[in-house]
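For reference, final_1.txt is printed below; it contains compact mmCIF, C-alpha atoms.
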# COMPACT_ATOMS: atom_id res chain seq x y z
CA MET T 191 138.30 119.72 -24.59
CA TYR T 192 141.03 119.56 -21.96
CA ARG T 193 142.87 122.89 -21.63
CA GLY T 194 146.34 121.53 -22.24
CA GLN T 195 149.31 123.76 -22.99
CA SER T 196 152.11 123.70 -25.57
CA GLY T 197 152.79 119.97 -25.08
CA GLN T 198 149.22 119.05 -25.96
CA TRP T 199 149.09 121.33 -29.00
CA SER T 200 152.42 120.08 -30.33
CA TRP T 201 151.20 116.49 -29.96
CA LEU T 202 147.92 117.27 -31.73
CA LEU T 203 149.69 119.12 -34.56
CA HIS T 204 152.21 116.28 -34.87
CA ARG T 205 149.35 113.79 -35.24
CA VAL T 206 147.39 115.86 -37.76
CA THR T 207 150.47 116.69 -39.89
CA GLY T 208 151.56 113.03 -39.75
CA LEU T 209 148.16 111.90 -41.07
CA ALA T 210 148.23 114.59 -43.77
CA ILE T 211 151.69 113.42 -44.92
CA LEU T 212 150.48 109.82 -44.96
CA LEU T 213 147.53 110.85 -47.10
CA PHE T 214 149.84 112.61 -49.54
CA LEU T 215 152.06 109.54 -49.67
CA LEU T 216 149.10 107.55 -51.01
CA VAL T 217 148.47 110.21 -53.69
CA HIS T 218 152.18 110.21 -54.49
CA ILE T 219 152.25 106.43 -54.96
CA VAL T 220 149.39 106.78 -57.46
CA ASP T 221 151.00 109.64 -59.45
CA ILE T 222 154.42 107.93 -59.59
CA THR T 223 152.77 104.68 -60.73
CA LEU T 224 151.47 106.53 -63.81
CA ILE T 225 155.03 106.56 -65.21
CA GLY T 226 154.38 102.97 -66.18
CA PHE T 227 151.64 104.16 -68.56
CA GLY T 228 153.99 106.28 -70.65
CA PRO T 229 155.20 109.89 -70.69
CA THR T 230 152.01 111.45 -72.06
CA ILE T 231 149.71 110.10 -69.37
CA TYR T 232 152.28 110.83 -66.67
CA ASN T 233 152.91 114.42 -67.84
CA ASP T 234 149.20 115.13 -68.17
CA ALA T 235 148.56 113.80 -64.69
CA ILE T 236 151.48 115.59 -63.08
CA SER T 237 150.42 118.93 -64.60
CA ILE T 238 147.55 118.90 -62.08
CA PHE T 239 150.13 119.97 -59.50
CA SER T 240 150.45 123.32 -61.32
CA LEU T 241 146.78 124.23 -60.80
CA TRP T 242 146.40 126.96 -58.21
CA PRO T 243 144.13 124.98 -55.80
CA ILE T 244 146.62 122.11 -55.86
CA ARG T 245 149.47 124.58 -55.30
CA LEU T 246 147.70 125.66 -52.10
CA VAL T 247 147.35 122.04 -51.04
CA SER T 248 151.09 121.58 -51.78
CA LEU T 249 151.76 124.59 -49.59
CA ALA T 250 149.86 122.97 -46.73
CA LEU T 251 151.87 119.81 -47.31
CA ILE T 252 155.14 121.75 -47.10
CA GLY T 253 154.00 123.28 -43.79
CA ALA T 254 153.00 119.85 -42.50
CA VAL T 255 156.33 118.24 -43.49
CA LEU T 256 158.37 121.07 -41.96
CA PHE T 257 156.49 121.08 -38.65
CA HIS T 258 156.49 117.27 -38.43
CA ALA T 259 160.21 117.08 -39.12
CA PHE T 260 161.27 119.77 -36.66
CA ASN T 261 158.86 118.60 -33.97
CA GLY T 262 160.21 115.09 -34.51
CA ILE T 263 163.65 116.40 -33.53
CA ARG T 264 162.03 118.00 -30.44
CA ILE T 265 160.49 114.63 -29.49
CA ILE T 266 163.82 112.83 -30.01
CA LEU T 267 165.50 115.37 -27.72
CA ILE T 268 162.82 114.87 -25.05
CA ASP T 269 163.27 111.09 -25.34
CA PHE T 270 167.06 110.86 -25.37
CA TRP T 271 168.39 113.99 -23.66
CA ALA T 272 167.89 113.71 -19.91
CA ALA T 273 167.32 117.48 -19.54
CA GLY T 274 165.11 117.69 -22.66
CA TYR T 275 161.82 117.67 -20.71
CA LYS T 276 162.75 120.96 -19.02
CA TYR T 277 162.84 122.78 -22.33
CA GLN T 278 159.93 121.12 -24.10
CA SER T 279 157.84 124.27 -24.15
CA GLN T 280 160.68 126.50 -25.39
CA MET T 281 161.57 123.87 -27.99
CA PHE T 282 157.96 123.93 -29.22
CA TYR T 283 158.21 127.67 -29.92
CA VAL T 284 161.60 127.16 -31.61
CA VAL T 285 159.97 124.47 -33.78
CA LEU T 286 157.18 126.89 -34.75
CA ALA T 287 159.68 129.66 -35.52
CA VAL T 288 161.96 127.45 -37.63
CA THR T 289 158.92 125.99 -39.43
CA ILE T 290 157.69 129.48 -40.35
CA LEU T 291 161.20 130.62 -41.36
CA CYS T 292 161.65 127.70 -43.75
CA PHE T 293 158.05 127.84 -44.91
CA LEU T 294 158.07 131.44 -46.15
CA PRO T 295 160.69 131.15 -48.96
CA MET T 296 159.25 127.81 -50.03
CA ALA T 297 155.77 129.35 -50.07
CA TYR T 298 157.05 132.10 -52.37
CA PHE T 299 158.28 129.57 -54.94
CA VAL T 300 155.02 127.62 -54.81
CA VAL T 301 152.58 130.54 -54.81
CA ALA T 302 154.35 133.12 -57.02
CA PRO T 303 153.42 131.41 -60.34
CA ILE T 304 149.73 131.83 -59.42
CA PHE T 305 150.32 135.60 -59.71
CA GLY T 306 152.35 135.30 -62.87
CA ILE T 307 155.72 135.68 -61.14
CA CYS T 308 158.24 133.06 -62.19
CA PRO T 309 160.99 132.74 -59.59
CA GLN T 310 162.68 129.91 -61.49
CA GLY T 311 162.65 131.60 -64.89
CA SER T 312 159.79 129.75 -66.50
CA CYS T 313 156.34 129.23 -65.07
CA SER T 314 154.56 125.94 -65.49
CA MET T 315 151.15 127.25 -64.55
CA THR T 316 148.34 125.29 -66.09
CA ALA T 317 145.28 127.35 -66.95
CA MET T 318 142.14 126.25 -65.16
CA MET A 144 129.78 142.11 -9.28
CA ALA A 145 129.71 143.92 -5.95
CA ALA A 146 132.85 143.61 -3.85
CA THR A 147 132.31 144.45 -0.19
CA ASN A 148 134.39 143.43 2.81
CA GLY A 149 136.69 141.40 0.53
CA THR A 150 133.86 139.18 -0.61
CA ARG A 151 132.66 138.86 -4.17
CA SER A 152 130.10 136.95 -6.09
CA VAL A 153 131.20 134.17 -8.42
CA GLN A 154 129.31 131.94 -10.79
CA VAL A 155 130.18 128.27 -10.44
CA LYS A 156 129.04 126.00 -13.25
CA ILE A 157 129.13 122.36 -12.22
CA LYS A 158 128.72 119.33 -14.46
CA ARG A 159 126.21 117.18 -12.58
CA PHE A 160 125.43 113.51 -13.05
CA GLN A 161 122.63 112.06 -10.96
CA PRO A 162 122.04 108.49 -12.16
CA GLY A 163 118.57 107.26 -11.30
CA GLU A 164 117.17 110.78 -11.55
CA LYS A 165 118.53 112.03 -14.87
CA PRO A 166 120.08 109.66 -17.40
CA GLU A 167 122.49 112.21 -18.90
CA PRO A 168 125.00 114.60 -17.31
CA TYR A 169 123.91 118.25 -17.23
CA TRP A 170 125.34 121.63 -16.22
CA GLN A 171 124.01 123.52 -13.21
CA GLU A 172 125.00 127.05 -12.22
CA PHE A 173 125.31 128.39 -8.71
CA ARG A 174 126.04 131.91 -7.53
CA VAL A 175 128.16 132.06 -4.38
CA GLN A 176 129.67 134.78 -2.20
CA VAL A 177 133.35 134.00 -1.67
CA GLU A 178 136.44 135.54 -0.17
CA GLY A 179 139.75 135.64 -1.98
CA ASN A 180 141.47 133.22 0.36
CA ASP A 181 138.60 130.71 0.25
CA ARG A 182 139.57 127.59 -1.57
CA LEU A 183 137.45 126.03 -4.29
CA LEU A 184 136.67 123.25 -1.81
CA ASP A 185 135.20 125.85 0.60
CA THR A 186 133.06 127.14 -2.26
CA LEU A 187 131.80 123.63 -3.08
CA ASN A 188 131.04 123.14 0.63
CA LYS A 189 129.04 126.38 0.65
CA ILE A 190 127.02 125.20 -2.32
CA LYS A 191 126.40 121.81 -0.74
CA TRP A 192 125.57 123.14 2.74
CA GLU A 193 123.57 126.20 1.76
CA GLN A 194 122.10 125.64 -1.71
CA ASP A 195 121.97 122.02 -2.87
CA GLY A 196 122.67 119.14 -0.50
CA THR A 197 122.61 116.64 -3.36
CA LEU A 198 125.91 117.96 -4.81
CA THR A 199 128.38 115.08 -4.45
CA TYR A 200 132.19 115.21 -4.37
CA ARG A 201 135.02 113.58 -2.46
CA ARG A 202 137.14 115.35 0.13
CA SER A 203 138.99 114.07 3.11
CA CYS A 204 142.04 115.85 4.52
CA ALA A 205 141.27 119.10 2.65
CA HIS A 206 144.95 120.05 2.75
CA GLY A 207 146.40 118.66 -0.46
CA VAL A 208 147.70 115.41 1.00
CA CYS A 209 145.02 112.72 0.65
CA GLY A 210 144.39 113.36 -3.06
CA SER A 211 140.60 112.89 -2.82
CA ASP A 212 139.33 116.03 -4.52
CA ALA A 213 140.98 116.06 -7.94
CA MET A 214 138.58 117.51 -10.51
CA ARG A 215 138.64 119.48 -13.75
CA VAL A 216 138.50 123.18 -12.99
CA ASN A 217 138.26 125.62 -15.89
CA GLY A 218 139.36 122.78 -18.15
CA ARG A 219 142.39 121.58 -16.16
CA ASN A 220 142.79 118.95 -13.48
CA ARG A 221 143.34 120.50 -10.07
CA LEU A 222 142.87 119.68 -6.38
CA ALA A 223 139.87 121.70 -5.12
CA CYS A 224 141.54 122.09 -1.71
CA LYS A 225 144.66 123.71 -3.18
CA LEU A 226 142.94 126.28 -5.41
CA LEU A 227 142.34 129.76 -4.04
CA MET A 228 139.27 131.54 -5.32
CA GLN A 229 141.34 134.68 -5.93
CA ASP A 230 143.16 132.78 -8.69
CA LEU A 231 140.02 131.61 -10.44
CA GLY A 232 138.13 134.59 -11.89
CA SER A 233 134.40 135.09 -11.53
CA ARG A 234 133.11 132.32 -13.80
CA ILE A 235 134.33 128.87 -12.87
CA SER A 236 133.53 125.54 -14.49
CA VAL A 237 133.91 122.37 -12.45
CA GLU A 238 133.72 118.90 -13.98
CA PRO A 239 134.72 115.37 -13.05
CA MET A 240 138.08 114.23 -14.45
CA LEU A 241 138.17 112.75 -17.94
CA GLY A 242 139.25 109.14 -18.39
CA PHE A 243 137.42 107.86 -15.31
CA PRO A 244 133.89 106.43 -15.16
CA VAL A 245 131.69 108.99 -13.35
CA ILE A 246 129.75 107.58 -10.39
CA ARG A 247 127.88 110.73 -9.36
CA ASP A 248 128.52 114.45 -9.94
CA LEU A 249 132.26 114.97 -9.33
CA VAL A 250 132.89 111.51 -7.90
CA VAL A 251 134.72 109.18 -10.29
CA ASP A 252 135.38 105.46 -10.03
CA MET A 253 139.01 105.10 -8.91
CA ASP A 254 138.97 101.25 -8.86
CA PRO A 255 140.47 100.79 -12.37
CA PHE A 256 143.10 103.41 -11.48
CA PHE A 257 144.19 101.51 -8.36
CA ALA A 258 144.11 98.17 -10.23
CA LYS A 259 146.66 99.60 -12.68
CA TYR A 260 148.66 101.03 -9.79
CA GLU A 261 148.90 97.58 -8.20
CA LYS A 262 149.97 96.11 -11.52
CA VAL A 263 153.39 97.79 -11.29
CA LYS A 264 154.10 96.28 -7.81
CA PRO A 265 154.43 99.59 -5.94
CA TYR A 266 156.18 98.19 -2.87
CA LEU A 267 159.72 97.24 -1.89
CA ILE A 268 160.82 93.92 -3.37
CA ASN A 269 163.95 92.48 -1.80
CA ASN A 270 164.29 88.80 -0.96
CA GLU A 271 167.88 89.01 0.24
CA PRO A 272 168.53 87.97 3.86
CA LEU A 273 167.45 90.71 6.25
CA PRO A 274 170.36 92.86 7.34
CA ARG A 275 171.14 93.25 11.06
CA THR A 276 170.32 96.96 10.84
CA GLU A 277 168.32 99.06 8.41
CA ARG A 278 169.15 98.98 4.69
CA LEU A 279 171.46 101.94 4.41
CA GLN A 280 171.25 104.38 1.55
CA SER A 281 173.40 107.39 0.70
CA ALA A 282 171.87 110.85 0.33
CA GLU A 283 172.51 110.62 -3.43
CA GLN A 284 170.78 107.25 -3.68
CA ARG A 285 167.76 108.65 -1.80
CA GLU A 286 167.74 111.77 -3.96
CA ARG A 287 167.56 109.62 -7.11
CA TYR A 288 163.85 108.85 -6.64
CA ASP A 289 162.89 111.63 -4.23
CA GLU A 290 160.50 113.36 -6.56
CA THR A 291 158.35 110.32 -7.29
CA THR A 292 157.85 109.62 -3.55
CA LYS A 293 155.65 112.73 -3.47
CA CYS A 294 152.75 111.19 -5.43
CA ILE A 295 149.43 111.26 -3.52
CA LEU A 296 147.53 109.13 -6.07
CA CYS A 297 144.93 111.80 -6.77
CA GLY A 298 144.72 110.77 -10.45
CA ALA A 299 145.08 114.35 -11.80
CA CYS A 300 147.88 113.23 -14.14
CA THR A 301 146.09 110.12 -15.37
CA GLY A 302 142.84 112.04 -15.99
CA SER A 303 144.68 114.67 -18.07
CA CYS A 304 146.36 112.19 -20.42
CA PRO A 305 144.96 111.77 -23.97
CA SER A 306 146.61 108.32 -24.17
CA VAL A 307 144.52 107.26 -21.15
CA TRP A 308 141.33 108.64 -22.71
CA ALA A 309 142.09 106.68 -25.88
CA ASN A 310 143.04 103.41 -24.22
CA ALA A 311 141.61 102.42 -20.86
CA GLU A 312 144.06 99.51 -20.69
CA TRP A 313 147.12 101.75 -20.55
CA VAL A 314 148.74 101.85 -17.09
CA GLY A 315 148.82 105.65 -17.16
CA PRO A 316 151.23 108.20 -15.72
CA ALA A 317 150.48 107.72 -11.99
CA SER A 318 151.34 104.00 -12.12
CA ILE A 319 154.62 104.72 -13.92
CA VAL A 320 155.51 107.42 -11.37
CA ASN A 321 154.99 104.88 -8.58
CA ALA A 322 156.96 102.24 -10.45
CA HIS A 323 159.76 104.79 -10.88
CA ARG A 324 159.80 105.34 -7.11
CA PHE A 325 160.93 101.72 -6.62
CA ILE A 326 162.80 101.04 -9.88
CA PHE A 327 165.38 103.70 -8.95
CA ASP A 328 165.50 102.79 -5.23
CA SER A 329 168.94 101.25 -4.50
CA ARG A 330 167.38 98.92 -1.87
CA ASP A 331 164.86 97.42 -4.27
CA ARG A 332 165.48 94.26 -6.33
CA GLY A 333 162.25 94.22 -8.35
CA GLY A 334 163.32 96.75 -10.97
CA ALA A 335 163.75 94.25 -13.81
CA GLU A 336 160.32 92.74 -13.07
CA ARG A 337 158.67 96.17 -13.16
CA LEU A 338 160.52 97.20 -16.32
CA GLN A 339 159.25 94.00 -17.93
CA ILE A 340 155.66 94.89 -16.95
CA LEU A 341 156.09 98.43 -18.28
CA SER A 342 157.66 97.43 -21.58
CA ASP A 343 154.58 95.66 -22.97
CA ARG A 344 151.81 97.14 -25.14
CA THR A 345 150.09 98.82 -22.21
CA GLY A 346 153.34 100.10 -20.71
CA VAL A 347 155.45 103.24 -21.00
CA TRP A 348 155.58 103.37 -24.80
CA ARG A 349 152.03 104.72 -25.02
CA CYS A 350 153.29 107.95 -23.48
CA ARG A 351 153.43 110.52 -26.30
CA THR A 352 155.21 113.20 -24.20
CA ILE A 353 152.15 115.45 -24.17
CA PHE A 354 153.07 116.94 -20.75
CA ASN A 355 149.45 117.45 -19.59
CA CYS A 356 150.31 115.17 -16.64
CA THR A 357 153.28 117.28 -15.58
CA GLU A 358 151.20 120.46 -15.74
CA ALA A 359 148.31 118.85 -13.82
CA CYS A 360 150.33 117.33 -10.95
CA PRO A 361 149.42 119.19 -7.73
CA ARG A 362 152.65 117.97 -6.14
CA GLY A 363 154.89 119.42 -8.83
CA ILE A 364 156.24 116.04 -9.91
CA HIS A 365 157.87 116.10 -13.35
CA VAL A 366 155.75 113.15 -14.43
CA THR A 367 156.85 113.07 -18.08
CA ASP A 368 160.49 113.11 -16.99
CA ALA A 369 159.88 110.12 -14.70
CA ILE A 370 158.21 108.27 -17.59
CA GLU A 371 161.11 109.13 -19.90
CA GLU A 372 163.60 107.83 -17.33
CA VAL A 373 161.72 104.53 -17.18
CA LYS A 374 161.66 104.38 -21.01
CA ARG A 375 165.42 104.88 -21.13
CA ALA A 376 165.95 102.28 -18.38
CA ILE A 377 164.04 99.76 -20.53
CA LEU A 378 165.88 100.79 -23.69
CA TYR A 379 169.38 100.68 -22.19
CA GLY A 380 168.62 97.77 -19.83
CA SER A 381 170.01 99.78 -16.95
CA THR A 382 168.89 102.31 -14.35
CA GLU A 383 172.35 103.88 -14.24
CA GLY A 384 172.08 105.96 -17.42
CA ASP A 385 170.31 109.10 -16.16
Would you kindly transcribe this structure into structure tokens?
Amino acid sequence: MYRGQSGQWSWLLHRVTGLAILLFLLVHIVDITLIGFGPTIYNDAISIFSLWPIRLVSLALIGAVLFHAFNGIRIILIDFWAAGYKYQSQMFYVVLAVTILCFLPMAYFVVAPIFGICPQGSCSMTAM
Amino acid sequence: MAATNGTRSVQVKIKRFQPGEKPEPYWQEFRVQVEGNDRLLDTLNKIKWEQDGTLTYRRSCAHGVCGSDAMRVNGRNRLACKLLMQDLGSRISVEPMLGFPVIRDLVVDMDPFFAKYEKVKPYLINNEPLPRTERLQSAEQRERYDETTKCILCGACTGSCPSVWANAEWVGPASIVNAHRFIFDSRDRGGAERLQILSDRTGVWRCRTIFNCTEACPRGIHVTDAIEEVKRAILYGSTEGD
């Protein structure tokens, strides 16, 4: 493994999160398609997303989307702002910080129902 | 580790490849007494002259100008003649650069690298009638491409680039740096031709702004910036934007 610095890690993370999002997109196409089979089948299928292991996977997806989106802005700035390359490393740490800041409240809403806390008033936890 | 008279003992682990004797690369460790202001190249010389004469590596000027001794040191591409032992710790790993076919030990095949370099026409193109005197250039016009004139073609940038490892056809950062040197030269008239070459599948767009090249360049060239400038020149159809 080459000992690259922040640029290499941001690229690698961008790739991995991009592939993860693509994978979820395929799952999403399948679950949305189930609407065509009627409300019962769709509701049964979609309730899988309330299971705690799937909630953790959703959490990873949220992290992936947030990092990919913010790092995408960093890449756009490097590409189109002539001075962007000078700040690529600092921008990487800003991307990480903003990702974590946005991730934490979202994580609370996704994970809290596992522990019986219902931030939105009613929990839709499905028993395993 | 005993330190006497400013000398100390270091362990140098070298990735060897001796085709004809061993089919696969292997690691070999050497223990060497070095001084802080020795360079890594001096240490390799000590190993070759005093311990194992079969150790093979390139070096020529030994002063950071010819670009012969680029290699991967502790995981990063560096010139052995520009690295002081005092900056390297007591356990050092030395390997040939990634992305190049290895010929023997630390010697890599630079032929594909130079073929890609030639592809971007790294020379002045100007078919206008010769002027009576030299082709004048203002200080600002000269400054425009100053940084990319510093390239010594050592290959440290190209060997650090994951896009090069993934696709041997890609022209790589060093070629783009040398294209940049002429594309932004006010005396040159081959810019459009070079931008055309660099806009195809194996051109600048394979750069993923990973910045390993910029960090590896022993001449301090902002390689990724040069590549980005060429990208924007292709996109905007002009070299005036930056």
Could you give me, as CSV, a per-residue list for chain A showing, wherever an atom lies at most 10 Å from an atom of chain T, the closest pair of atoms and their distance in Å to one decimal, using all atoms listed in the file and sorting by chain then residue number from low to high?
residue,atom,partner,partner_atom,distance
A:Arg215,CA,T:Tyr192,CA,8.6
A:Val216,CA,T:Arg193,CA,9.7
A:Asn217,CA,T:Arg193,CA,7.9
A:Gly218,CA,T:Arg193,CA,4.9
A:Arg219,CA,T:Arg193,CA,5.6
A:Asn220,CA,T:Tyr192,CA,8.7
A:Met240,CA,T:Tyr192,CA,9.7
A:Leu241,CA,T:Tyr192,CA,8.4
A:Gly302,CA,T:Tyr192,CA,9.8
A:Ser303,CA,T:Tyr192,CA,7.2
A:Cys304,CA,T:Tyr192,CA,9.2
A:Pro305,CA,T:Gln198,CA,8.7
A:Arg351,CA,T:Trp201,CA,7.3
A:Thr352,CA,T:Gly197,CA,7.2
A:Ile353,CA,T:Gly197,CA,4.7
A:Phe354,CA,T:Gly197,CA,5.3
A:Asn355,CA,T:Gly194,CA,5.8
A:Cys356,CA,T:Gly194,CA,9.4
A:Thr357,CA,T:Gly197,CA,9.9
A:Glu358,CA,T:Gly194,CA,8.2
A:Ala359,CA,T:Gly194,CA,9.1
A:His365,CA,T:Tyr275,CA,8.5
A:Val366,CA,T:Tyr275,CA,9.8
A:Thr367,CA,T:Tyr275,CA,7.3
A:Asp368,CA,T:Tyr275,CA,6.0
A:Ala369,CA,T:Tyr275,CA,9.8
A:Ile370,CA,T:Asp269,CA,9.7
A:Glu371,CA,T:Asp269,CA,6.2
A:Glu372,CA,T:Ala272,CA,7.7
A:Lys374,CA,T:Asp269,CA,8.1
A:Arg375,CA,T:Phe270,CA,7.5
A:Gly384,CA,T:Ala272,CA,9.2
A:Asp385,CA,T:Ala272,CA,6.4
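Taking CA of Lys165 in chain A and CA of Asp248 in chain A as the two end points, the separation is 11.4 Å.
CA of Arg324 in chain A is found 5.4 Å from CA of Tyr288 in chain A.
Taking CA of Glu261 in chain A as the reference point, CA of Leu226 in chain A is found at 29.4 Å.
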Each residue of range 252-315 of chain T lying at most 10 Å from range 208-226 of chain T should get a row with its shortest atom-to-atom pair and the distance in Å to one decimal, counting only C-alpha atoms; could you produce that, ordered by chain and increasing number, as a tab-separated table?
residue	atom	partner	partner_atom	distance
T:Ile252	CA	T:Ile211	CA	9.3
T:Ala254	CA	T:Ile211	CA	7.0
T:Val255	CA	T:Ile211	CA	6.8
T:Phe257	CA	T:Gly208	CA	9.5
T:His258	CA	T:Gly208	CA	6.6
T:Ala259	CA	T:Gly208	CA	9.6
For range 153-160 of chain A, list every protein, DNA or RNA residue within 12 Å, evaluated using all atoms listed in the file, and leave out those in the same chain fewer than 4 positions away; present the list as a PDB file with C-alpha atoms, keeping the file's coordinate frame.
ATOM      1  CA  MET A 144     129.780 142.110  -9.280  1.00  0.00           C
ATOM      2  CA  ALA A 145     129.710 143.920  -5.950  1.00  0.00           C
ATOM      3  CA  ALA A 146     132.850 143.610  -3.850  1.00  0.00           C
ATOM      4  CA  GLU A 164     117.170 110.780 -11.550  1.00  0.00           C
ATOM      5  CA  LYS A 165     118.530 112.030 -14.870  1.00  0.00           C
ATOM      6  CA  PRO A 166     120.080 109.660 -17.400  1.00  0.00           C
ATOM      7  CA  GLU A 167     122.490 112.210 -18.900  1.00  0.00           C
ATOM      8  CA  PRO A 168     125.000 114.600 -17.310  1.00  0.00           C
ATOM      9  CA  TYR A 169     123.910 118.250 -17.230  1.00  0.00           C
ATOM     10  CA  TRP A 170     125.340 121.630 -16.220  1.00  0.00           C
ATOM     11  CA  GLN A 171     124.010 123.520 -13.210  1.00  0.00           C
ATOM     12  CA  GLU A 172     125.000 127.050 -12.220  1.00  0.00           C
ATOM     13  CA  PHE A 173     125.310 128.390  -8.710  1.00  0.00           C
ATOM     14  CA  ARG A 174     126.040 131.910  -7.530  1.00  0.00           C
ATOM     15  CA  VAL A 175     128.160 132.060  -4.380  1.00  0.00           C
ATOM     16  CA  GLN A 176     129.670 134.780  -2.200  1.00  0.00           C
ATOM     17  CA  VAL A 177     133.350 134.000  -1.670  1.00  0.00           C
ATOM     18  CA  GLU A 178     136.440 135.540  -0.170  1.00  0.00           C
ATOM     19  CA  GLY A 179     139.750 135.640  -1.980  1.00  0.00           C
ATOM     20  CA  ASP A 181     138.600 130.710   0.250  1.00  0.00           C
ATOM     21  CA  LEU A 183     137.450 126.030  -4.290  1.00  0.00           C
ATOM     22  CA  LEU A 184     136.670 123.250  -1.810  1.00  0.00           C
ATOM     23  CA  THR A 186     133.060 127.140  -2.260  1.00  0.00           C
ATOM     24  CA  LEU A 187     131.800 123.630  -3.080  1.00  0.00           C
ATOM     25  CA  LYS A 189     129.040 126.380   0.650  1.00  0.00           C
ATOM     26  CA  ILE A 190     127.020 125.200  -2.320  1.00  0.00           C
ATOM     27  CA  LYS A 191     126.400 121.810  -0.740  1.00  0.00           C
ATOM     28  CA  ASP A 195     121.970 122.020  -2.870  1.00  0.00           C
ATOM     29  CA  THR A 197     122.610 116.640  -3.360  1.00  0.00           C
ATOM     30  CA  LEU A 198     125.910 117.960  -4.810  1.00  0.00           C
ATOM     31  CA  THR A 199     128.380 115.080  -4.450  1.00  0.00           C
ATOM     32  CA  TYR A 200     132.190 115.210  -4.370  1.00  0.00           C
ATOM     33  CA  MET A 214     138.580 117.510 -10.510  1.00  0.00           C
ATOM     34  CA  ARG A 215     138.640 119.480 -13.750  1.00  0.00           C
ATOM     35  CA  VAL A 216     138.500 123.180 -12.990  1.00  0.00           C
ATOM     36  CA  ASN A 217     138.260 125.620 -15.890  1.00  0.00           C
ATOM     37  CA  GLY A 218     139.360 122.780 -18.150  1.00  0.00           C
ATOM     38  CA  MET A 228     139.270 131.540  -5.320  1.00  0.00           C
ATOM     39  CA  GLN A 229     141.340 134.680  -5.930  1.00  0.00           C
ATOM     40  CA  LEU A 231     140.020 131.610 -10.440  1.00  0.00           C
ATOM     41  CA  GLY A 232     138.130 134.590 -11.890  1.00  0.00           C
ATOM     42  CA  SER A 233     134.400 135.090 -11.530  1.00  0.00           C
ATOM     43  CA  ARG A 234     133.110 132.320 -13.800  1.00  0.00           C
ATOM     44  CA  ILE A 235     134.330 128.870 -12.870  1.00  0.00           C
ATOM     45  CA  SER A 236     133.530 125.540 -14.490  1.00  0.00           C
ATOM     46  CA  VAL A 237     133.910 122.370 -12.450  1.00  0.00           C
ATOM     47  CA  GLU A 238     133.720 118.900 -13.980  1.00  0.00           C
ATOM     48  CA  PRO A 239     134.720 115.370 -13.050  1.00  0.00           C
ATOM     49  CA  MET A 240     138.080 114.230 -14.450  1.00  0.00           C
ATOM     50  CA  PRO A 244     133.890 106.430 -15.160  1.00  0.00           C
ATOM     51  CA  VAL A 245     131.690 108.990 -13.350  1.00  0.00           C
ATOM     52  CA  ILE A 246     129.750 107.580 -10.390  1.00  0.00           C
ATOM     53  CA  ARG A 247     127.880 110.730  -9.360  1.00  0.00           C
ATOM     54  CA  ASP A 248     128.520 114.450  -9.940  1.00  0.00           C
ATOM     55  CA  LEU A 249     132.260 114.970  -9.330  1.00  0.00           C
ATOM     56  CA  VAL A 250     132.890 111.510  -7.900  1.00  0.00           C
ATOM     57  CA  VAL A 251     134.720 109.180 -10.290  1.00  0.00           C
TER      58      VAL A 251
END
Original post:
Could you pull the residues within 12 Å of Cys204 in chain A, counting only C-alpha atoms, minus those fewer than 4 positions along the same chain, as a PyMOL selection string?
Top reply: chain A and resi 184+208-212+222-225+295
Box time for range 252-259 of chain A: axis-aligned, enclosing all its listed atoms, 6 Å extra on each side; report centre and edge lengths in Å to one decimal, as lines of an AutoDock Vina configuration file.
center_x = 141.0
center_y = 101.8
center_z = -10.5
size_x = 23.3
size_y = 19.3
size_z = 16.3
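Every protein, DNA or RNA residue with an atom at most 6 Å from range 281-292 of chain T, where all atoms listed in the file count and chain neighbours fewer than 5 positions away do not, is listed here: T:Leu256, T:Phe257, T:Phe260, T:Asn261.
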